>>> print(open('entry_15.cif').read())   # mmCIF, C-alpha atoms
data_data
#
loop_
_atom_site.label_atom_id
_atom_site.label_comp_id
_atom_site.auth_asym_id
_atom_site.auth_seq_id
_atom_site.Cartn_x
_atom_site.Cartn_y
_atom_site.Cartn_z
CA MET A 1 81.91 63.50 166.02
CA ASP A 2 85.30 62.03 165.05
CA LYS A 3 84.44 58.41 164.41
CA ASN A 4 87.13 55.77 164.54
CA ASP A 5 87.96 53.53 161.57
CA THR A 6 85.85 50.60 162.77
CA GLN A 7 82.78 52.81 163.21
CA LEU A 8 83.27 54.26 159.74
CA ILE A 9 83.60 50.79 158.23
CA VAL A 10 80.44 49.61 159.99
CA ASP A 11 78.62 52.74 158.76
CA PHE A 12 79.84 52.13 155.22
CA LEU A 13 78.73 48.51 155.30
CA ASN A 14 75.32 49.70 156.51
CA ASP A 15 75.10 51.95 153.44
CA GLU A 16 75.40 55.12 155.48
CA ALA A 17 76.06 57.98 153.11
CA ASN A 18 79.50 59.64 153.08
CA SER A 19 81.11 57.24 155.55
CA PHE A 20 83.66 56.16 152.95
CA ASP A 21 84.41 59.83 152.23
CA PHE A 22 85.72 60.19 155.78
CA ILE A 23 88.04 57.22 155.26
CA VAL A 24 89.32 58.81 152.05
CA PHE A 25 89.91 62.19 153.73
CA ARG A 26 91.60 60.52 156.71
CA TYR A 27 94.12 58.44 154.74
CA THR A 28 94.79 60.27 151.46
CA LYS A 29 97.69 62.35 152.78
CA SER A 30 99.64 59.49 154.35
CA ILE A 31 98.98 57.08 151.49
CA TYR A 32 99.97 59.67 148.90
CA ASN A 33 103.18 60.45 150.79
CA PHE A 34 104.03 56.80 151.21
CA VAL A 35 103.45 56.08 147.52
CA PHE A 36 105.32 59.20 146.46
CA ARG A 37 108.37 58.10 148.48
CA MET A 38 108.28 54.76 146.70
CA VAL A 39 107.81 55.98 143.10
CA GLY A 40 109.28 59.49 143.31
CA ASN A 41 106.85 61.02 140.84
CA LYS A 42 103.79 63.13 141.69
CA ASN A 43 101.57 62.07 138.77
CA ASP A 44 102.28 58.39 139.25
CA ALA A 45 101.79 58.75 143.01
CA GLU A 46 98.37 60.29 142.39
CA ASP A 47 97.31 57.51 140.00
CA ILE A 48 98.48 54.83 142.41
CA THR A 49 96.77 56.55 145.36
CA GLN A 50 93.49 56.53 143.41
CA ASP A 51 93.97 52.82 142.62
CA VAL A 52 94.66 52.13 146.30
CA PHE A 53 91.38 53.70 147.40
CA VAL A 54 89.40 51.93 144.68
CA LYS A 55 90.88 48.64 145.95
CA ILE A 56 90.03 49.57 149.54
CA TRP A 57 86.46 50.36 148.47
CA LYS A 58 86.13 47.09 146.55
CA ASN A 59 87.58 44.92 149.32
CA ILE A 60 86.38 46.62 152.50
CA LYS A 61 83.72 43.92 152.98
CA LYS A 62 86.51 41.36 153.28
CA PHE A 63 88.36 43.37 155.93
CA ASP A 64 88.59 41.57 159.26
CA GLN A 65 87.42 44.18 161.75
CA GLU A 66 89.45 42.53 164.52
CA LYS A 67 92.58 43.70 162.72
CA ASN A 68 94.17 47.12 162.40
CA PHE A 69 92.64 49.08 159.53
CA LYS A 70 95.68 51.33 159.02
CA THR A 71 97.90 48.27 158.60
CA TRP A 72 95.46 46.82 156.06
CA VAL A 73 95.34 50.11 154.14
CA PHE A 74 99.13 50.36 153.99
CA ALA A 75 99.42 46.73 152.91
CA ILE A 76 97.14 47.53 149.96
CA ALA A 77 99.17 50.67 149.21
CA ARG A 78 102.43 48.72 149.29
CA ASN A 79 101.14 45.90 147.09
CA THR A 80 99.58 48.31 144.59
CA THR A 81 102.83 50.29 144.39
CA ILE A 82 104.94 47.17 143.88
CA ASP A 83 102.55 45.89 141.19
CA TRP A 84 102.69 49.26 139.47
CA LEU A 85 106.49 49.34 139.60
CA ARG A 86 106.68 45.83 138.18
CA ASN A 87 104.27 46.61 135.35
CA ARG A 88 105.32 50.08 134.32
CA LYS A 89 109.01 50.22 134.98
CA ASN A 90 109.90 46.59 134.43
CA VAL A 91 111.42 46.47 137.87
CA THR A 92 112.77 43.03 138.58
CA PHE A 93 111.76 41.03 141.64
CA SER A 94 115.31 41.22 143.02
CA SER A 95 115.39 45.01 143.07
CA LEU A 96 112.24 44.99 145.19
CA ASP A 97 113.92 42.75 147.72
CA THR A 98 116.26 43.75 150.45
CA ASP A 99 119.75 45.04 149.92
CA GLN A 100 121.12 41.84 151.41
CA GLU A 101 124.09 41.59 149.14
CA MET A 102 125.41 44.77 150.71
CA PHE A 103 124.94 43.60 154.28
CA GLU A 104 125.65 40.01 154.75
CA GLU A 105 126.29 40.18 158.44
CA THR A 106 123.60 41.16 160.93
CA ILE A 107 124.10 44.49 162.60
CA SER A 108 123.15 44.17 166.23
CA ASP A 109 122.99 47.85 167.22
CA ILE A 110 121.85 50.97 165.49
CA LEU A 111 124.85 53.21 165.04
CA PRO A 112 124.11 56.83 166.01
CA LEU A 113 124.00 59.57 163.44
CA PRO A 114 127.12 61.65 164.09
CA ASP A 115 126.84 65.39 164.81
CA GLU A 116 128.78 66.30 161.71
CA ILE A 117 126.12 64.61 159.56
CA PHE A 118 123.13 65.68 161.62
CA SER A 119 124.08 69.35 161.57
CA ARG A 120 124.42 69.55 157.79
CA LYS A 121 122.14 72.18 156.25
CA GLU A 122 121.22 70.11 153.22
CA LEU A 123 120.69 66.92 155.20
CA VAL A 124 117.00 66.51 154.32
CA HIS A 125 117.77 66.88 150.63
CA GLU A 126 120.66 64.44 150.98
CA LEU A 127 118.33 61.98 152.68
CA GLU A 128 115.90 62.22 149.77
CA ILE A 129 118.73 61.31 147.39
CA VAL A 130 119.85 58.46 149.65
CA LEU A 131 116.30 57.09 149.84
CA ASP A 132 116.28 56.73 146.07
CA LYS A 133 119.28 54.43 146.34
CA ILE A 134 117.81 51.90 148.76
CA SER A 135 115.41 49.10 147.93
CA ILE A 136 111.64 49.51 148.04
CA GLU A 137 111.40 46.97 150.86
CA SER A 138 113.95 48.74 153.05
CA LYS A 139 112.42 52.13 152.26
CA THR A 140 108.99 50.82 153.22
CA ILE A 141 110.24 49.59 156.58
CA VAL A 142 112.06 52.77 157.63
CA PHE A 143 109.35 55.04 156.25
CA LEU A 144 106.52 53.24 158.04
CA HIS A 145 108.45 53.06 161.30
CA LEU A 146 109.95 56.53 161.38
CA LYS A 147 107.38 58.58 159.49
CA GLU A 148 104.12 56.73 160.13
CA ASP A 149 105.04 55.62 163.68
CA MET A 150 104.15 52.01 162.97
CA THR A 151 105.42 49.23 165.19
CA PHE A 152 107.63 46.45 163.82
CA GLU A 153 104.75 44.08 164.39
CA GLU A 154 102.47 46.16 162.17
CA ILE A 155 105.15 46.49 159.50
CA ALA A 156 105.74 42.73 159.61
CA GLU A 157 102.03 42.26 158.88
CA ILE A 158 102.19 44.66 155.95
CA VAL A 159 105.35 43.22 154.45
CA LYS A 160 104.35 39.66 155.39
CA LYS A 161 107.69 38.79 156.95
CA PRO A 162 108.64 37.73 160.49
CA MET A 163 109.05 40.58 162.96
CA ASN A 164 112.70 39.75 163.70
CA THR A 165 113.52 39.92 160.00
CA ILE A 166 111.90 43.36 159.86
CA LYS A 167 113.89 44.51 162.90
CA SER A 168 117.21 43.40 161.48
CA GLN A 169 116.33 44.80 158.07
CA TYR A 170 115.48 48.10 159.74
CA ARG A 171 118.85 48.17 161.48
CA ARG A 172 120.64 47.30 158.26
CA THR A 173 118.80 50.04 156.39
CA LEU A 174 119.66 52.69 158.98
CA HIS A 175 123.27 51.54 158.81
CA GLN A 176 123.10 51.82 155.03
CA ILE A 177 121.54 55.30 155.19
CA ARG A 178 124.21 56.37 157.65
CA GLY A 179 126.91 55.04 155.37
CA LEU A 180 125.49 56.75 152.30
CA LEU A 181 125.13 60.05 154.17
CA ARG A 182 128.78 59.93 155.21
CA ILE A 183 130.00 59.82 151.62
CA MET B 1 119.98 56.21 169.25
CA GLY B 2 117.30 55.85 166.65
CA ASP B 3 115.81 59.17 167.76
CA ARG B 4 118.04 61.21 165.48
CA TYR B 5 116.88 59.11 162.55
CA LYS B 6 113.30 59.74 163.58
CA GLU B 7 113.96 63.44 163.83
CA LEU B 8 115.57 63.35 160.41
CA PHE B 9 112.64 61.50 158.85
CA GLU B 10 110.23 63.92 160.48
CA LYS B 11 112.10 66.74 158.79
CA LEU B 12 111.62 64.94 155.50
CA ASN B 13 109.23 67.15 153.59
CA HIS B 14 105.68 65.95 153.68
CA THR B 15 104.94 66.07 149.98
CA GLU B 16 101.98 68.31 149.46
CA THR B 17 98.93 66.30 148.43
CA PRO B 18 97.71 67.53 145.02
CA VAL B 19 94.75 69.90 145.32
CA GLY B 20 91.44 68.08 144.92
CA LEU B 21 92.96 64.59 145.12
CA GLU B 22 90.35 63.43 147.65
CA GLU B 23 87.54 64.65 145.38
CA ARG B 24 89.08 62.89 142.39
CA ILE B 25 89.36 59.67 144.39
CA LEU B 26 85.69 59.91 145.40
CA LEU B 27 84.68 60.68 141.83
CA ARG B 28 86.60 57.64 140.58
CA ILE B 29 84.90 55.46 143.19
CA LYS B 30 81.51 56.85 142.10
CA THR B 31 82.33 55.97 138.48
CA GLU B 32 83.34 52.45 139.50
CA GLU B 33 80.18 52.17 141.59
CA ARG B 34 78.00 53.22 138.65
CA HIS B 35 79.78 50.76 136.37
CA PHE B 36 79.25 47.90 138.86
CA SER B 37 75.59 48.84 139.28
CA ARG B 38 75.08 48.78 135.52
CA VAL B 39 76.78 45.40 135.21
CA LYS B 40 74.68 44.10 138.12
CA SER B 41 71.47 45.47 136.60
CA LEU B 42 72.28 43.86 133.28
CA THR B 43 73.12 40.54 134.94
CA PHE B 44 69.99 40.50 137.09
CA GLY B 45 67.87 41.72 134.14
CA VAL B 46 69.07 38.82 132.01
CA SER B 47 68.64 36.35 134.87
CA THR B 48 65.10 37.67 135.58
CA VAL B 49 64.04 37.19 131.95
CA THR B 50 65.78 33.80 131.76
CA SER B 51 64.28 32.59 135.02
CA LEU B 52 60.82 33.77 133.93
CA GLY B 53 61.22 31.75 130.74
CA ILE B 54 62.39 28.72 132.70
CA PHE B 55 59.51 29.16 135.14
CA LEU B 56 56.88 29.28 132.35
CA TRP B 57 58.40 26.29 130.61
CA THR B 58 58.58 24.20 133.78
CA PHE B 59 55.08 25.29 134.75
CA VAL B 60 53.72 23.99 131.44
CA PHE B 61 55.74 20.81 131.99
CA LEU B 62 54.26 20.44 135.49
CA THR B 63 50.66 20.93 134.39
CA GLU B 64 51.17 18.34 131.63
CA SER B 65 52.66 15.91 134.16
CA LEU B 66 49.76 16.51 136.55
CA LYS B 67 47.30 15.81 133.76
CA GLU B 68 49.06 12.61 132.71
CA SER B 69 49.46 11.28 136.22
CA GLY B 70 45.73 11.48 136.98
CA PHE B 71 46.34 13.85 139.86
CA TRP B 72 43.38 16.08 138.94
CA GLN B 73 41.02 13.09 138.88
CA TYR B 74 41.97 12.28 142.46
CA ILE B 75 41.52 15.92 143.42
CA SER B 76 38.07 15.99 141.82
CA LEU B 77 37.15 12.95 143.94
CA LEU B 78 37.90 15.07 146.94
CA PHE B 79 35.04 17.40 146.07
CA SER B 80 32.49 15.00 144.67
CA GLU B 81 32.03 11.97 146.91
CA ASN B 82 32.46 13.19 150.43
CA GLY B 83 31.10 10.05 152.07
CA THR B 84 33.44 7.67 150.29
CA ILE B 85 36.41 9.93 150.95
CA LEU B 86 35.80 9.76 154.69
CA ILE B 87 36.11 5.97 154.53
CA TYR B 88 38.94 5.72 151.99
CA TRP B 89 40.84 8.90 152.86
CA ARG B 90 44.07 7.05 153.48
CA GLU B 91 44.01 5.30 150.07
CA LEU B 92 43.14 8.59 148.41
CA PHE B 93 45.99 10.32 150.19
CA TYR B 94 48.46 7.67 148.98
CA SER B 95 47.10 7.89 145.44
CA LEU B 96 47.47 11.66 145.49
CA ALA B 97 51.01 11.36 146.75
CA GLU B 98 51.86 8.75 144.14
CA SER B 99 50.42 10.73 141.28
CA LEU B 100 52.21 13.91 142.29
CA PRO B 101 55.05 14.62 139.81
CA ILE B 102 57.72 15.30 142.45
CA ILE B 103 60.55 16.09 140.03
CA GLY B 104 58.39 18.51 138.04
CA LEU B 105 57.28 20.18 141.24
CA ILE B 106 60.86 20.55 142.49
CA ILE B 107 61.92 22.07 139.17
CA VAL B 108 59.03 24.55 139.28
CA LEU B 109 59.85 25.51 142.87
CA MET B 110 63.51 25.98 141.99
CA SER B 111 62.74 28.11 138.95
CA THR B 112 60.27 30.15 141.04
CA GLY B 113 62.97 30.71 143.65
CA PHE B 114 65.47 31.72 140.97
CA PHE B 115 62.94 34.12 139.43
CA ILE B 116 62.07 35.74 142.78
CA TRP B 117 65.77 36.05 143.68
CA SER B 118 66.63 37.69 140.34
CA LEU B 119 63.64 40.03 140.51
CA THR B 120 64.41 41.07 144.10
CA ASN B 121 68.04 41.80 143.24
CA LEU B 122 67.03 43.70 140.13
CA TYR B 123 64.64 45.80 142.20
CA LYS B 124 67.18 46.35 145.01
CA ASN B 125 69.88 47.37 142.56
CA GLY B 126 67.51 49.74 140.76
CA LYS B 127 66.52 51.31 144.06
CA TYR B 128 70.21 51.60 145.06
CA ILE B 129 71.03 53.38 141.79
CA GLN B 130 68.10 55.76 142.32
CA ILE B 131 69.27 56.62 145.86
CA LYS B 132 72.89 57.11 144.76
CA GLU B 133 71.93 59.33 141.86
CA CYS B 134 69.65 61.55 143.95
#
>>> encode(input="entry_15.cif", output="C-alpha coordinates")
Amino acid sequence: MDKNDTQLIVDFLNDEANSFDFIVFRYTKSIYNFVFRMVGNKNDAEDITQDVFVKIWKNIKKFDQEKNFKTWVFAIARNTTIDWLRNRKNVTFSSLDTDQEMFEETISDILPLPDEIFSRKELVHELEIVLDKISIESKTIVFLHLKEDMTFEEIAEIVKKPMNTIKSQYRRTLHQIRGLLRI
Amino acid sequence: MGDRYKELFEKLNHTETPVGLEERILLRIKTEERHFSRVKSLTFGVSTVTSLGIFLWTFVFLTESLKESGFWQYISLLFSENGTILIYWRELFYSLAESLPIIGLIIVLMSTGFFIWSLTNLYKNGKYIQIKEC
(Lines of atoms letter the chains of each structure in order from A and count residues from 1; the text may use other names and numbers.)
(Lines give C-alpha, C1' and ligand atoms only; values in the text may rest on other atoms or scores of the structure.)
Protein backbone atom coordinates (compact mmCIF):
# COMPACT_ATOMS: atom_id res chain seq x y z
CA MET A 1 0.00 0.00 0.00
CA ASP A 2 2.83 2.39 0.94
CA LYS A 3 4.16 3.41 -2.44
CA ASN A 4 7.66 4.78 -2.77
CA ASP A 5 8.38 8.23 -4.19
CA THR A 6 9.19 6.99 -7.69
CA GLN A 7 5.92 5.04 -7.90
CA LEU A 8 3.98 8.09 -6.74
CA ILE A 9 5.70 10.29 -9.32
CA VAL A 10 4.94 7.79 -12.09
CA ASP A 11 1.31 7.64 -10.93
CA PHE A 12 1.09 11.42 -10.89
CA LEU A 13 2.54 11.68 -14.38
CA ASN A 14 -0.03 9.13 -15.52
CA ASP A 15 -2.78 11.39 -14.17
CA GLU A 16 -3.67 8.99 -11.38
CA ALA A 17 -5.90 10.81 -8.94
CA ASN A 18 -4.54 11.72 -5.48
CA SER A 19 -0.99 10.53 -6.12
CA PHE A 20 0.36 14.03 -5.54
CA ASP A 21 -1.63 14.22 -2.29
CA PHE A 22 0.49 11.37 -0.92
CA ILE A 23 3.66 13.28 -1.78
CA VAL A 24 2.29 16.33 0.02
CA PHE A 25 1.33 14.33 3.12
CA ARG A 26 4.71 12.55 3.13
CA TYR A 27 6.89 15.66 2.97
CA THR A 28 4.93 18.52 4.55
CA LYS A 29 6.20 17.94 8.09
CA SER A 30 9.90 17.78 7.24
CA ILE A 31 9.74 20.64 4.75
CA TYR A 32 7.82 22.83 7.17
CA ASN A 33 10.32 22.09 9.95
CA PHE A 34 13.27 22.76 7.70
CA VAL A 35 11.82 26.06 6.51
CA PHE A 36 10.80 27.06 10.01
CA ARG A 37 14.37 26.53 11.25
CA MET A 38 15.61 28.80 8.48
CA VAL A 39 13.10 31.67 8.85
CA GLY A 40 12.08 31.29 12.50
CA ASN A 41 8.48 32.36 11.95
CA LYS A 42 5.45 30.07 11.70
CA ASN A 43 3.38 32.15 9.26
CA ASP A 44 6.29 32.71 6.91
CA ALA A 45 7.25 29.04 7.17
CA GLU A 46 3.72 28.07 6.14
CA ASP A 47 3.70 30.43 3.15
CA ILE A 48 7.10 29.20 2.01
CA THR A 49 6.08 25.55 2.47
CA GLN A 50 3.05 26.17 0.24
CA ASP A 51 5.30 27.80 -2.37
CA VAL A 52 7.67 24.84 -2.19
CA PHE A 53 4.92 22.35 -2.98
CA VAL A 54 3.53 24.48 -5.80
CA LYS A 55 7.04 24.52 -7.30
CA ILE A 56 7.35 20.75 -6.85
CA TRP A 57 3.98 20.29 -8.58
CA LYS A 58 4.96 22.59 -11.45
CA ASN A 59 8.38 21.02 -12.00
CA ILE A 60 7.81 17.35 -11.21
CA LYS A 61 7.81 16.51 -14.94
CA LYS A 62 11.39 17.76 -15.12
CA PHE A 63 12.52 15.59 -12.20
CA ASP A 64 15.11 13.00 -13.19
CA GLN A 65 13.73 9.78 -11.73
CA GLU A 66 17.24 8.32 -11.51
CA LYS A 67 17.95 10.83 -8.76
CA ASN A 68 16.86 11.00 -5.14
CA PHE A 69 13.47 12.68 -4.81
CA LYS A 70 13.99 13.77 -1.20
CA THR A 71 17.20 15.56 -2.18
CA TRP A 72 15.37 17.30 -5.04
CA VAL A 73 12.53 18.34 -2.73
CA PHE A 74 14.92 19.78 -0.15
CA ALA A 75 16.87 21.60 -2.84
CA ILE A 76 13.63 23.32 -3.89
CA ALA A 77 12.83 24.09 -0.25
CA ARG A 78 16.28 25.58 0.32
CA ASN A 79 16.21 27.70 -2.83
CA THR A 80 12.67 28.92 -2.15
CA THR A 81 13.63 29.87 1.41
CA ILE A 82 16.76 31.72 0.30
CA ASP A 83 14.81 33.58 -2.40
CA TRP A 84 12.18 34.52 0.16
CA LEU A 85 14.79 35.73 2.64
CA ARG A 86 16.47 37.81 -0.06
CA ASN A 87 13.20 39.37 -1.20
CA ARG A 88 11.41 39.98 2.06
CA LYS A 89 14.12 40.67 4.56
CA ASN A 90 16.71 42.22 2.27
CA VAL A 91 19.21 39.65 3.41
CA THR A 92 22.51 40.19 1.67
CA PHE A 93 24.25 37.45 -0.28
CA SER A 94 27.14 37.42 2.21
CA SER A 95 24.92 36.62 5.18
CA LEU A 96 23.63 33.57 3.35
CA ASP A 97 27.15 32.32 2.87
CA THR A 98 29.26 30.46 5.33
CA ASP A 99 30.67 31.93 8.49
CA GLN A 100 34.14 31.71 7.00
CA GLU A 101 35.41 34.89 8.52
CA MET A 102 35.04 33.28 11.92
CA PHE A 103 36.86 30.09 11.00
CA GLU A 104 39.71 30.65 8.72
CA GLU A 105 41.53 27.47 9.52
CA THR A 106 40.09 24.05 8.77
CA ILE A 107 39.10 22.03 11.78
CA SER A 108 40.11 18.45 11.21
CA ASP A 109 38.17 16.73 14.02
CA ILE A 110 34.80 17.27 15.57
CA LEU A 111 35.33 18.29 19.16
CA PRO A 112 33.03 16.42 21.55
CA LEU A 113 30.26 18.16 23.40
CA PRO A 114 31.41 18.26 27.03
CA ASP A 115 29.26 16.74 29.79
CA GLU A 116 28.79 20.08 31.49
CA ILE A 117 27.11 21.44 28.34
CA PHE A 118 25.24 18.27 27.42
CA SER A 119 23.66 17.91 30.86
CA ARG A 120 22.24 21.44 30.93
CA LYS A 121 18.47 21.50 31.40
CA GLU A 122 17.86 24.35 28.99
CA LEU A 123 20.22 23.01 26.34
CA VAL A 124 17.58 22.57 23.63
CA HIS A 125 16.39 26.14 24.13
CA GLU A 126 20.00 27.34 24.10
CA LEU A 127 20.57 25.46 20.86
CA GLU A 128 17.58 27.20 19.28
CA ILE A 129 19.12 30.57 20.19
CA VAL A 130 22.52 29.48 18.88
CA LEU A 131 20.98 28.32 15.59
CA ASP A 132 19.67 31.83 15.02
CA LYS A 133 23.22 33.11 15.16
CA ILE A 134 24.72 30.90 12.47
CA SER A 135 24.43 31.37 8.73
CA ILE A 136 21.63 29.84 6.67
CA GLU A 137 24.14 27.71 4.76
CA SER A 138 25.71 26.25 7.91
CA LYS A 139 22.29 25.74 9.50
CA THR A 140 21.11 23.91 6.38
CA ILE A 141 24.06 21.53 6.49
CA VAL A 142 23.82 20.58 10.16
CA PHE A 143 20.03 20.41 10.10
CA LEU A 144 19.89 18.14 7.06
CA HIS A 145 22.64 15.89 8.38
CA LEU A 146 21.61 15.65 12.01
CA LYS A 147 17.85 16.05 11.83
CA GLU A 148 16.98 14.66 8.39
CA ASP A 149 19.72 11.99 8.38
CA MET A 150 20.99 13.05 4.99
CA THR A 151 24.44 12.04 3.81
CA PHE A 152 27.09 14.65 2.97
CA GLU A 153 26.77 13.57 -0.64
CA GLU A 154 23.05 14.37 -0.65
CA ILE A 155 23.61 17.69 1.10
CA ALA A 156 26.34 18.56 -1.41
CA GLU A 157 23.78 18.00 -4.18
CA ILE A 158 21.25 20.24 -2.45
CA VAL A 159 23.69 23.03 -1.68
CA LYS A 160 25.54 22.54 -4.98
CA LYS A 161 28.99 22.48 -3.43
CA PRO A 162 31.71 19.81 -3.36
CA MET A 163 31.26 17.12 -0.72
CA ASN A 164 34.57 17.92 1.00
CA THR A 165 33.53 21.55 1.37
CA ILE A 166 30.29 20.40 2.98
CA LYS A 167 32.19 18.11 5.35
CA SER A 168 34.57 20.81 6.49
CA GLN A 169 31.75 23.33 6.76
CA TYR A 170 29.84 20.82 8.89
CA ARG A 171 32.82 20.43 11.21
CA ARG A 172 33.28 24.18 11.43
CA THR A 173 29.60 24.67 12.23
CA LEU A 174 29.64 22.08 15.02
CA HIS A 175 32.74 23.76 16.40
CA GLN A 176 30.93 27.09 16.22
CA ILE A 177 27.82 25.67 17.93
CA ARG A 178 30.00 24.17 20.63
CA GLY A 179 31.75 27.49 21.14
CA LEU A 180 28.50 29.43 21.33
CA LEU A 181 27.01 26.92 23.78
CA ARG A 182 30.02 27.30 26.08
CA ILE A 183 29.47 31.04 26.49
CA MET B 1 31.88 12.11 18.71
CA GLY B 2 29.20 13.60 16.55
CA ASP B 3 26.61 11.39 18.24
CA ARG B 4 26.00 13.85 21.05
CA TYR B 5 25.29 16.52 18.47
CA LYS B 6 22.86 14.18 16.77
CA GLU B 7 21.18 13.44 20.06
CA LEU B 8 20.96 17.15 20.75
CA PHE B 9 19.44 17.90 17.36
CA GLU B 10 16.98 15.07 17.82
CA LYS B 11 15.88 16.70 21.05
CA LEU B 12 15.31 19.90 19.11
CA ASN B 13 11.56 20.34 19.15
CA HIS B 14 9.88 19.24 15.99
CA THR B 15 7.81 22.32 15.34
CA GLU B 16 4.21 21.28 15.14
CA THR B 17 2.91 21.55 11.59
CA PRO B 18 -0.04 23.96 11.51
CA VAL B 19 -3.39 22.16 11.48
CA GLY B 20 -4.73 21.71 7.96
CA LEU B 21 -1.49 22.78 6.24
CA GLU B 22 -1.57 19.78 3.89
CA GLU B 23 -5.15 20.60 2.88
CA ARG B 24 -4.24 24.23 2.27
CA ILE B 25 -1.29 23.16 0.12
CA LEU B 26 -3.55 20.88 -1.94
CA LEU B 27 -6.15 23.62 -2.26
CA ARG B 28 -3.50 26.06 -3.48
CA ILE B 29 -2.30 23.52 -6.04
CA LYS B 30 -5.91 23.02 -7.19
CA THR B 31 -6.28 26.79 -7.62
CA GLU B 32 -3.04 26.93 -9.62
CA GLU B 33 -4.20 23.96 -11.69
CA ARG B 34 -7.52 25.65 -12.47
CA HIS B 35 -5.73 28.86 -13.42
CA PHE B 36 -3.36 26.98 -15.76
CA SER B 37 -6.27 25.11 -17.33
CA ARG B 38 -8.11 28.37 -17.98
CA VAL B 39 -5.03 29.94 -19.53
CA LYS B 40 -4.51 26.80 -21.64
CA SER B 41 -8.16 26.77 -22.73
CA LEU B 42 -7.97 30.41 -23.72
CA THR B 43 -4.71 29.87 -25.62
CA PHE B 44 -5.98 26.80 -27.46
CA GLY B 45 -9.36 28.48 -28.09
CA VAL B 46 -7.65 31.44 -29.72
CA SER B 47 -5.29 29.18 -31.69
CA THR B 48 -8.23 27.01 -32.86
CA VAL B 49 -10.14 30.04 -34.17
CA THR B 50 -6.98 31.52 -35.70
CA SER B 51 -5.96 28.25 -37.33
CA LEU B 52 -9.48 27.77 -38.69
CA GLY B 53 -9.28 31.24 -40.23
CA ILE B 54 -5.86 30.48 -41.68
CA PHE B 55 -7.12 27.14 -42.98
CA LEU B 56 -10.12 28.72 -44.76
CA TRP B 57 -7.97 31.46 -46.24
CA THR B 58 -5.30 29.06 -47.49
CA PHE B 59 -7.99 26.70 -48.79
CA VAL B 60 -9.47 29.50 -50.91
CA PHE B 61 -5.93 30.36 -52.04
CA LEU B 62 -5.32 26.72 -53.00
CA THR B 63 -8.53 26.34 -54.98
CA GLU B 64 -7.73 29.56 -56.86
CA SER B 65 -4.22 28.28 -57.60
CA LEU B 66 -5.61 24.95 -58.79
CA LYS B 67 -8.00 26.75 -61.10
CA GLU B 68 -5.28 28.99 -62.53
CA SER B 69 -2.79 26.20 -63.03
CA GLY B 70 -5.17 24.14 -65.18
CA PHE B 71 -5.02 21.24 -62.76
CA TRP B 72 -8.77 20.58 -62.98
CA GLN B 73 -8.61 20.39 -66.78
CA TYR B 74 -6.03 17.63 -66.53
CA ILE B 75 -8.15 15.86 -63.94
CA SER B 76 -11.21 16.07 -66.19
CA LEU B 77 -9.14 14.43 -68.96
CA LEU B 78 -8.70 11.54 -66.62
CA PHE B 79 -12.43 10.83 -66.69
CA SER B 80 -13.30 11.69 -70.27
CA GLU B 81 -10.88 10.10 -72.72
CA ASN B 82 -9.90 6.79 -71.25
CA GLY B 83 -8.27 5.45 -74.39
CA THR B 84 -5.95 8.39 -74.89
CA ILE B 85 -5.00 8.39 -71.22
CA LEU B 86 -3.81 4.80 -71.45
CA ILE B 87 -1.37 5.83 -74.18
CA TYR B 88 -0.30 9.20 -72.78
CA TRP B 89 -0.57 8.43 -69.06
CA ARG B 90 3.03 9.40 -68.40
CA GLU B 91 2.67 12.84 -70.04
CA LEU B 92 -0.60 13.38 -68.18
CA PHE B 93 1.04 12.42 -64.91
CA TYR B 94 3.85 14.94 -65.48
CA SER B 95 1.35 17.64 -66.44
CA LEU B 96 -0.65 16.96 -63.30
CA ALA B 97 2.47 17.13 -61.19
CA GLU B 98 3.59 20.35 -62.86
CA SER B 99 0.24 22.05 -62.47
CA LEU B 100 -0.05 21.12 -58.81
CA PRO B 101 0.48 24.25 -56.66
CA ILE B 102 2.97 22.65 -54.24
CA ILE B 103 3.47 25.70 -52.03
CA GLY B 104 -0.28 26.26 -51.68
CA LEU B 105 -0.76 22.60 -50.85
CA ILE B 106 1.98 22.67 -48.21
CA ILE B 107 0.45 25.77 -46.62
CA VAL B 108 -2.99 24.13 -46.53
CA LEU B 109 -1.56 20.95 -44.99
CA MET B 110 0.31 22.97 -42.38
CA SER B 111 -2.73 25.03 -41.46
CA THR B 112 -4.81 21.83 -41.29
CA GLY B 113 -2.24 20.30 -38.95
CA PHE B 114 -2.21 23.43 -36.79
CA PHE B 115 -6.02 23.45 -36.66
CA ILE B 116 -6.25 19.75 -35.71
CA TRP B 117 -3.53 20.18 -33.06
CA SER B 118 -5.28 23.20 -31.51
CA LEU B 119 -8.67 21.51 -31.58
CA THR B 120 -7.33 18.29 -30.02
CA ASN B 121 -5.62 20.23 -27.23
CA LEU B 122 -8.71 22.32 -26.64
CA TYR B 123 -10.80 19.15 -26.38
CA LYS B 124 -8.24 17.39 -24.13
CA ASN B 125 -8.00 20.38 -21.82
CA GLY B 126 -11.78 20.69 -21.64
CA LYS B 127 -12.07 17.01 -20.80
CA TYR B 128 -9.31 17.35 -18.17
CA ILE B 129 -11.14 20.27 -16.52
CA GLN B 130 -14.38 18.25 -16.50
CA ILE B 131 -12.67 15.27 -14.82
CA LYS B 132 -10.92 17.46 -12.25
CA GLU B 133 -14.09 19.32 -11.36
CA CYS B 134 -16.15 16.14 -10.93
>>> closest_residue(input="entry_15.cif", among="A:Leu146, A:Met38, A:Ala45, A:Ile23", to="Glu16 (chain B)", atoms="only C-alpha atoms")
A:Ala45
>>> resolve_selection(input="entry_15.cif", expression="the PyMOL selection byres ((chain A) within 10 of (chain B))", output="VMD selection string")
chain A and resid 15 17 to 18 20 to 22 24 to 34 36 to 37 42 to 43 45 to 47 49 to 55 57 to 58 109 to 115 118 123 to 125 127 to 128 142 to 143 145 to 149 171 174 177 to 178
>>> resolve_selection(input="entry_15.cif", expression="the PyMOL selection byres ((chain A and resi 158-162) around 12)", output="count of residues only")
40
>>> atom_distance(input="entry_15.cif", atom1="CA of Gly53 (chain B)", atom2="CA of Lys40 (chain B)")
19.7 Å
>>> atom_distance(input="entry_15.cif", atom1="CA of Ile106 (chain B)", atom2="CA of Gly45 (chain B)")
23.8 Å
>>> atom_distance(input="entry_15.cif", atom1="CA of Ser65 (chain B)", atom2="CA of Thr50 (chain B)")
22.3 Å
>>> resolve_selection(input="entry_15.cif", expression="the PyMOL selection byres ((chain B and resi 66) around 12)", output="ChimeraX atom specification")
/B:59-65,67-75,96-105
